[in-house]
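J.: My structure is in model.cif, and what it holds is mmCIF, C-alpha atoms, pLDDT in the B column; chains and numbers go by the auth columns:
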data_data
#
loop_
_atom_site.group_PDB
_atom_site.id
_atom_site.type_symbol
_atom_site.label_atom_id
_atom_site.label_comp_id
_atom_site.label_asym_id
_atom_site.label_seq_id
_atom_site.Cartn_x
_atom_site.Cartn_y
_atom_site.Cartn_z
_atom_site.B_iso_or_equiv
_atom_site.auth_seq_id
_atom_site.auth_asym_id
ATOM 1 C CA MET A 1 3.670 16.335 5.467 42.00 993 A
ATOM 2 C CA LEU A 2 4.449 16.235 1.781 49.00 994 A
ATOM 3 C CA MET A 3 6.105 19.292 0.294 59.00 995 A
ATOM 4 C CA HIS A 4 4.935 18.279 -3.178 63.00 996 A
ATOM 5 C CA ARG A 5 1.209 18.164 -2.522 71.00 997 A
ATOM 6 C CA GLY A 6 -1.403 18.094 -5.268 76.00 998 A
ATOM 7 C CA ILE A 7 1.028 18.792 -8.112 86.00 999 A
ATOM 8 C CA GLY A 8 -0.894 16.703 -10.639 88.00 1000 A
ATOM 9 C CA LEU A 9 0.461 14.021 -12.928 92.00 1001 A
ATOM 10 C CA ASP A 10 1.317 16.369 -15.800 91.00 1002 A
ATOM 11 C CA ARG A 11 3.452 18.603 -13.575 90.00 1003 A
ATOM 12 C CA PHE A 12 5.037 15.558 -11.955 93.00 1004 A
ATOM 13 C CA ASN A 13 5.944 14.149 -15.373 96.00 1005 A
ATOM 14 C CA GLU A 14 7.558 17.493 -16.291 95.00 1006 A
ATOM 15 C CA LEU A 15 9.578 18.007 -13.098 95.00 1007 A
ATOM 16 C CA PRO A 16 13.350 17.967 -13.439 96.00 1008 A
ATOM 17 C CA ARG A 17 14.718 14.559 -12.439 97.00 1009 A
ATOM 18 C CA GLY A 18 16.059 15.757 -9.085 96.00 1010 A
ATOM 19 C CA ARG A 19 12.765 17.318 -8.039 95.00 1011 A
ATOM 20 C CA ALA A 20 10.836 14.226 -9.144 96.00 1012 A
ATOM 21 C CA ILE A 21 13.139 12.027 -7.058 96.00 1013 A
ATOM 22 C CA HIS A 22 12.651 14.335 -4.078 94.00 1014 A
ATOM 23 C CA ALA A 23 8.862 14.257 -4.474 93.00 1015 A
ATOM 24 C CA LEU A 24 8.857 10.460 -4.649 94.00 1016 A
ATOM 25 C CA TYR A 25 11.321 10.110 -1.779 93.00 1017 A
ATOM 26 C CA GLU A 26 8.772 11.885 0.414 91.00 1018 A
ATOM 27 C CA CYS A 27 6.365 9.035 -0.362 90.00 1019 A
ATOM 28 C CA CYS A 28 8.559 6.038 0.499 88.00 1020 A
ATOM 29 C CA CYS A 29 11.911 7.305 1.866 88.00 1021 A
ATOM 30 C CA ASN A 30 13.970 5.153 -0.485 91.00 1022 A
ATOM 31 C CA VAL A 31 16.263 6.782 -3.042 93.00 1023 A
ATOM 32 C CA THR A 32 16.607 3.713 -5.263 93.00 1024 A
ATOM 33 C CA TRP A 33 12.832 3.338 -5.496 94.00 1025 A
ATOM 34 C CA ALA A 34 12.386 7.066 -6.157 96.00 1026 A
ATOM 35 C CA GLU A 35 15.078 7.102 -8.873 97.00 1027 A
ATOM 36 C CA ARG A 36 13.546 4.149 -10.691 96.00 1028 A
ATOM 37 C CA LEU A 37 10.095 5.713 -10.677 97.00 1029 A
ATOM 38 C CA ALA A 38 11.394 9.116 -11.749 98.00 1030 A
ATOM 39 C CA ASP A 39 13.391 7.569 -14.587 98.00 1031 A
ATOM 40 C CA ALA A 40 10.321 5.683 -15.875 98.00 1032 A
ATOM 41 C CA ARG A 41 8.415 8.929 -16.567 97.00 1033 A
ATOM 42 C CA PRO A 42 6.247 10.008 -18.253 98.00 1034 A
ATOM 43 C CA TYR A 43 3.297 8.107 -16.862 97.00 1035 A
ATOM 44 C CA PRO A 44 0.071 8.150 -18.898 96.00 1036 A
ATOM 45 C CA ASP A 45 -2.166 8.072 -15.799 94.00 1037 A
ATOM 46 C CA HIS A 46 -2.220 7.682 -12.023 93.00 1038 A
ATOM 47 C CA ASP A 47 -2.702 3.918 -12.223 94.00 1039 A
ATOM 48 C CA ALA A 48 0.454 3.470 -14.301 97.00 1040 A
ATOM 49 C CA LEU A 49 2.497 5.319 -11.675 97.00 1041 A
ATOM 50 C CA LEU A 50 0.899 3.411 -8.801 96.00 1042 A
ATOM 51 C CA ASN A 51 1.470 0.061 -10.518 96.00 1043 A
ATOM 52 C CA MET A 52 5.123 0.899 -11.182 97.00 1044 A
ATOM 53 C CA ALA A 53 5.471 1.953 -7.540 96.00 1045 A
ATOM 54 C CA ASP A 54 4.269 -1.493 -6.476 95.00 1046 A
ATOM 55 C CA VAL A 55 6.625 -3.258 -8.886 96.00 1047 A
ATOM 56 C CA GLU A 56 9.601 -1.278 -7.620 95.00 1048 A
ATOM 57 C CA LEU A 57 8.683 -1.922 -3.978 93.00 1049 A
ATOM 58 C CA LEU A 58 8.847 -5.648 -4.716 93.00 1050 A
ATOM 59 C CA ALA A 59 12.331 -5.139 -6.175 94.00 1051 A
ATOM 60 C CA LEU A 60 13.718 -3.576 -2.976 92.00 1052 A
ATOM 61 C CA SER A 61 16.046 -5.545 -0.743 92.00 1053 A
ATOM 62 C CA GLN A 62 14.833 -6.658 2.673 89.00 1054 A
ATOM 63 C CA ARG A 63 17.062 -4.016 4.297 91.00 1055 A
ATOM 64 C CA ASP A 64 15.578 -1.267 2.089 90.00 1056 A
ATOM 65 C CA LEU A 65 12.072 -2.423 3.005 87.00 1057 A
ATOM 66 C CA GLU A 66 12.976 -2.297 6.707 85.00 1058 A
ATOM 67 C CA ARG A 67 14.305 1.247 6.318 86.00 1059 A
ATOM 68 C CA ALA A 68 11.148 2.296 4.491 85.00 1060 A
ATOM 69 C CA PHE A 69 9.055 0.909 7.360 80.00 1061 A
ATOM 70 C CA GLU A 70 11.174 2.820 9.856 81.00 1062 A
ATOM 71 C CA ALA A 71 10.397 5.994 7.914 80.00 1063 A
ATOM 72 C CA VAL A 72 6.638 5.400 8.093 71.00 1064 A
ATOM 73 C CA ALA A 73 6.631 4.312 11.740 62.00 1065 A
ATOM 74 C CA HIS A 74 4.015 6.973 12.493 66.00 1066 A
ATOM 75 C CA GLU A 75 1.545 5.226 10.148 65.00 1067 A
ATOM 76 C CA SER A 76 -0.883 2.611 11.407 66.00 1068 A
ATOM 77 C CA VAL A 77 0.174 -0.766 9.974 65.00 1069 A
ATOM 78 C CA SER A 78 -1.375 -4.172 10.493 68.00 1070 A
ATOM 79 C CA ALA A 79 1.873 -6.003 9.682 70.00 1071 A
ATOM 80 C CA PRO A 80 5.334 -4.895 8.544 72.00 1072 A
ATOM 81 C CA ASP A 81 5.155 -6.376 5.068 80.00 1073 A
ATOM 82 C CA VAL A 82 5.371 -5.113 1.507 86.00 1074 A
ATOM 83 C CA THR A 83 1.575 -5.085 1.147 87.00 1075 A
ATOM 84 C CA GLU A 84 1.227 -2.567 3.966 86.00 1076 A
ATOM 85 C CA LEU A 85 4.113 -0.498 2.632 88.00 1077 A
ATOM 86 C CA ALA A 86 2.444 -0.468 -0.801 91.00 1078 A
ATOM 87 C CA ARG A 87 -0.805 0.739 0.773 90.00 1079 A
ATOM 88 C CA ILE A 88 0.968 3.569 2.593 89.00 1080 A
ATOM 89 C CA THR A 89 3.057 4.494 -0.439 92.00 1081 A
ATOM 90 C CA ARG A 90 0.003 4.574 -2.728 94.00 1082 A
ATOM 91 C CA ALA A 91 -1.738 6.929 -0.299 91.00 1083 A
ATOM 92 C CA GLN A 92 1.333 9.186 -0.215 91.00 1084 A
ATOM 93 C CA ILE A 93 1.559 9.242 -4.018 93.00 1085 A
ATOM 94 C CA ALA A 94 -2.151 10.046 -4.261 92.00 1086 A
ATOM 95 C CA GLY A 95 -1.567 12.984 -1.903 89.00 1087 A
ATOM 96 C CA MET A 96 1.430 14.119 -3.934 90.00 1088 A
ATOM 97 C CA LEU A 97 -0.547 14.053 -7.181 91.00 1089 A
ATOM 98 C CA GLY A 98 -3.921 15.231 -5.908 87.00 1090 A
ATOM 99 C CA PRO A 99 -6.781 15.157 -8.390 76.00 1091 A
ATOM 100 C CA PRO A 100 -5.989 14.051 -11.956 67.00 1092 A
ATOM 101 C CA GLU A 101 -5.600 17.647 -13.154 61.00 1093 A
ATOM 102 C CA GLY A 102 -3.697 18.730 -10.011 59.00 1094 A
ATOM 103 C CA TYR A 103 -4.441 21.878 -8.068 65.00 1095 A
ATOM 104 C CA PRO A 104 -4.030 25.280 -9.719 64.00 1096 A
ATOM 105 C CA GLU A 105 -0.730 27.091 -9.296 63.00 1097 A
ATOM 106 C CA TYR A 106 -0.835 30.338 -7.364 59.00 1098 A
#
Turn the structure described in the file into structure tokens.
T.:
Amino acid sequence: MLMHRGIGLDRFNELPRGRAIHALYECCCNVTWAERLADARPYPDHDALLNMADVELLALSQRDLERAFEAVAHESVSAPDVTELARITRAQIAGMLGPPEGYPEY
């Protein structure tokens, strides 16, 4: 379960670096990937973040990809490849962001 659920893109863009890394780490379980995405903020829209997530997945070493797959072992995957990891990661990011405006704070 994601701790950062439905925070919205604007709030994500404004998070302190450490919290943004933590939120992204929950999506892929790779610190390098999370740092690169956090450092590329702000994102103008969801698609920009998702596209950067894909680019950074492709930049991971084979060992980092294997570790990321180990972290999502509970997910249903058709094959342990970067395409499946991208699909899972995109779904996790979508859950983290929620709708474009995010959910209201309580």
J.: Do you know which residues are at most 12 Å from Glu1018 in chain A counting all atoms listed in the file, after dropping those on the same chain fewer than 2 positions away, and could you put them as a ChimeraX atom specification?
T.: /A:993-997,1011-1016,1020-1023,1025-1026,1060,1063-1064,1080-1085,1087-1088
J.: Could you list, as a list in words, every residue within 12 Å of Glu1006 in chain A, counting only C-alpha atoms and ignoring same-chain residues fewer than 6 positions away?
T.: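 Skipping anything fewer than 6 positions along the chain leaves Ile999, Gly1000, Ala1012, Ala1030, Asp1031, Arg1033, Pro1034 and Tyr1035 of chain A.
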J.: Between CA of Glu1076 in chain A and CA of Pro1036 in chain A, what is the distance, to one decimal in Å?
T.: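 If I compute the distance from CA of Glu1076 in chain A to CA of Pro1036 in chain A, I get 25.3 Å.
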J.: Can you work out the spacing between CA of Pro1008 in chain A and CA of Val1047 in chain A in Å, to one decimal?
T.: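 CA of Val1047 in chain A lies 22.7 Å from CA of Pro1008 in chain A.
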J.: Hey, can you check how far CA of Phe1004 in chain A sits from CA of Pro1072 in chain A?
T.: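 One can read the CA of Phe1004 in chain A to CA of Pro1072 in chain A distance as 29.0 Å.
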J.: A:Ser1053, A:Asn1005, A:Asn1043, A:Thr1024: which is nearest Arg1079 in chain A, counting only C-alpha atoms?
T.: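 Looking only at the distances to Arg1079 in chain A, the closest residue turns out to be A:Asn1043.
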J.: For the provided coordinates, the residues matched by the PyMOL selection byres ((chain A and resi 1054-1057) around 9) should be stated as a ChimeraX atom specification.
T.: /A:1022,1024,1049-1050,1052-1053,1058-1062,1073-1074,1077
J.: Could you check the closest approach to Asp1002 in chain A for each of A:Glu1048, A:Arg1028, A:Leu1042, A:Asp1037 and tell me which residue wins, using only C-alpha atoms?
T.: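 Looking only at the distances to Asp1002 in chain A, the closest residue turns out to be A:Asp1037.
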